[in-house]
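Engineer: There's a structure below that I have some questions on.
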Amino acid sequence: MTVPKYWREIPQRYRLEAGKCKKCGYIAFPPRQICPECKSQEFETIRLSDKGKIISYTIIRVPPKNFSFQAPYPVAIIELDGGGRITAQIADASPEEVEIGSRVRIVLRKIQEEGKDGIICYGYKAVLEK
Amino acid sequence: MREVAIIGAGITKFGEHWRKSLRDIFVESALMAIKDAGVDHIDSMYVGCMSGGLFVAQEHLGAFFADYLGQSSIPAVRVESACASGGSALRMGFIEVASGLSDIVLVGGVEKMTDAEDVTFALATAAEQEYEVFHGITFPGLYALIANAYMKKYGLTREQLAMVAVKNHKHGSLNPYAQFQSEITIETVLNSTLVADPLRLMDCSPVTDGSACVILCPLELAKKYTDTPVKIIGSGMATDTIALHSRKDITSLRAVSLSAERAYKMAGIKPEDVDLAEVHDCFTIAEIIITEELGFVEKGKGGILVEKGETSLGGRIPVNTSGGLKAKGHPVGATGVAQAVEIFYQLQGRADKRQVKNARIGLTQNMGGSGASSVVHIMEVA
């Protein structure tokens, strides 16, 4: 991965910056230029909530190479309060603890180290609210 | 628009071809199709291939395949829609013949996967890189997310999922081109290693080398080449969001229902008119949902459909008589064309031990990514 490819996604990875359509309220994460619902091109920048619930989850036991040291790990689709859905790992949880409908909180964590030069990639993960 | 027919087909054995290259397997199936059709020339060519670049570091595949087929002057284009590349190539060939631009068009599909250094990485390029793959999700993982949500919503059982693999292996045992020609039991599936909960190894289609080709021509010319042409009466394609999490309902596959709706409309038929179907069972959960989206059973009842044996050979609507992606194998870019080859053989009455009696209308459904592309073709005995 080149530095710019990682760097340009930082507002989304670190701060959950999204676009909210000024006409219909559609929330685009990552931001988009055209609203898929109403085709408007006017968006305001918002931050997604750092709280939400699990829509579905799985436990990855056969991981991609750059995640091999982490497996097994849970990954979930999370619906954030106020809108916006993301795919993220559930951190600090054993597989048995994760359930559909569980409440989660978004935290900033190290996601992976890429390539031989090892760019350290940070981003959002979720932790279970207990 | 002109009516379009398939007049010949060719397919390699699916499996691990350590002695054969990407070009070898393509040419093998293409020569077989050309001989089957009895054509003396090709006007144009479309080849579905998902990732020559990542699997064998070869791109520019239109010219590459035309060259090795001894056709290096014809128009030739590679078509890519991830795992729906083959079905998309068939649609491009159909459009070219229907439009009147070309008469004899070869449609191929091919993938050489066992040469790849990292198959998981190559396949993951069909998902959203920055917002899915970045977080460590895999393709089995994406379908596992679908499966868990679907099981909770509709009460599908783990055993019903396994029944899809058991059925497709049984069908595959009757197909000499299949990668796996052995029957398995529900226990084989339930005891196989977990890949991404709830999906196990035997819920997943394998890594496969293989190639398939069909020859298309206008229906009015078809009888010149064969007594038993097969007419393509419907072609439908649809797309959906690239990321699974962007969809309102992850327990349905909207691109599948839309592509089917479009193909049924063009063909002027209903789901109950279909005698057999080849569908994209990349994972067992996919076949369950696809049978619903194609209208073979109501939403949420796909598990009961397979449990009752209605999708088995001899059942109401046999699905994946070839063995499907699970047992026949899934050389990703080849799959959509291989599905058409199976339906072509079935409608011609050439499917031997797995022949569906009195089959007149067959359907193929080929899917890309976690359902972001779907291509449906409907074929009828001409």
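Residue names in the structure tokens use chain letters A, B, ... in the order shown, residue numbers from 1 in each chain, and ligand numbers from 1 in the order shown.
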So that I can check the surroundings of Ala351 in chain B, please list as a list in words every protein, DNA and RNA residue that reaches within 9 Å of it, counting only C-alpha atoms and ignoring chain neighbours fewer than 6 positions away.
Structural biologist: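 The filter keeps Asn175, Ser322, Glu342, Ile343 and Tyr345 of chain B.
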Engineer: Pick out the residues sitting within 8 Å of Gly234 in chain B, and hand them over as a list in words; count only C-alpha atoms, and ignore anything fewer than 3 positions along from it in its own chain.
Structural biologist: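 The filter keeps Arg262, Ala263, Tyr264, Lys265, Met266, Ala267, Val376, His377, Ile378 and Met379 of chain B.
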Engineer: I'd like the neighbourhood of range 2-14 of chain A as number ranges by chain, where a residue qualifies if any of its atoms comes within 9 Å (using only C-alpha atoms), though same-chain residues fewer than 5 positions away should be ignored.
Structural biologist: A: 29-31, 47, 108, 119, 121-124; B: 130
Engineer: Which polymer residues have any atom within 6 Å of an atom of Ala196 in chain B, counting only C-alpha atoms, with same-chain residues fewer than 3 positions away left out, as a list of chain:residue names?
Structural biologist: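 Those residues are A:Thr58, A:Ile59, A:Ile60, A:Arg61, B:Gly141, B:Leu199.
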Engineer: At a cut-off of 7 Å, which residues of chain A touch chain B? Count only C-alpha atoms and give the answer as a ChimeraX atom specification.
Structural biologist: /A:56-64,67,75,77,85-89,111
Engineer: Set the distance at 9 Å and use only C-alpha atoms: which residues neighbour range 17-27 of chain A once local chain neighbours fewer than 4 positions away are removed? I'd like the list as a list of chain:residue names.
Structural biologist: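 In the requested form, the answer reads A:Pro11, A:Gln12, A:Arg13, A:Pro31, A:Arg32, A:Gln33, A:Ile34, A:Cys35, A:Pro36, A:Glu37, A:Cys38, A:Ser40, A:Gln41, A:Glu42, A:Phe43, A:Glu44, A:Thr45, A:Ile46, A:Arg47, A:Leu48, A:Gly83, A:Gly84.
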Engineer: Take the residues that were just selected and, keeping C-alpha atoms, output them as a tab-separated table (two decimals), in the first residue's frame.
Structural biologist:
```tsv
chain	number	residue	atom	x	y	z
A	11	PRO	CA	-10.93	11.15	8.00
A	12	GLN	CA	-13.10	8.04	7.68
A	13	ARG	CA	-10.75	5.63	9.45
A	31	PRO	CA	-18.66	10.10	1.46
A	32	ARG	CA	-19.99	10.02	-2.11
A	33	GLN	CA	-20.38	12.61	-4.83
A	34	ILE	CA	-23.89	11.54	-5.82
A	35	CYS	CA	-26.70	10.43	-3.53
A	36	PRO	CA	-27.83	6.92	-4.57
A	37	GLU	CA	-31.35	7.66	-3.29
A	38	CYS	CA	-32.22	11.10	-4.73
A	40	SER	CA	-28.47	15.12	-5.29
A	41	GLN	CA	-24.84	16.23	-5.30
A	42	GLU	CA	-25.06	18.37	-2.18
A	43	PHE	CA	-23.74	16.83	1.01
A	44	GLU	CA	-22.71	18.10	4.41
A	45	THR	CA	-19.89	16.43	6.33
A	46	ILE	CA	-20.99	14.75	9.54
A	47	ARG	CA	-19.43	12.33	12.03
A	48	LEU	CA	-21.14	9.01	12.56
A	83	GLY	CA	-27.58	6.01	10.66
A	84	GLY	CA	-24.67	4.56	8.71
```
Engineer: If you run DSSP over the backbone, which residues in chain A end up strand (DSSP E)? Put them as a ChimeraX atom specification.
Structural biologist: /A:17-21,27-28,43-47,51-60,73-80,85-89,103-114,119-128
Engineer: Neighbours of range 107-110 of chain B within 7 Å (only C-alpha atoms; same-chain residues fewer than 4 positions away dropped), as a count of residues only?
Structural biologist: 21
Engineer: Which is closest to Asn66 in chain A among A:Gln112, A:Pro95, A:Arg15, A:Ala126, if we use only C-alpha atoms?
Structural biologist: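 Nearest to Asn66 in chain A: A:Gln112.
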Engineer: If I take CA of Ile100 in chain A and CA of Thr157 in chain B, how far is one from the other in Å, to one decimal?
Structural biologist: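 For CA of Ile100 in chain A relative to CA of Thr157 in chain B, the distance reads 16.5 Å.
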Engineer: For range 65-71 of chain B, please output as number ranges by chain all residues within 6 Å (counting only C-alpha atoms; exclusion window: fewer than 3 positions along the same chain).
Structural biologist: B: 27, 61-62
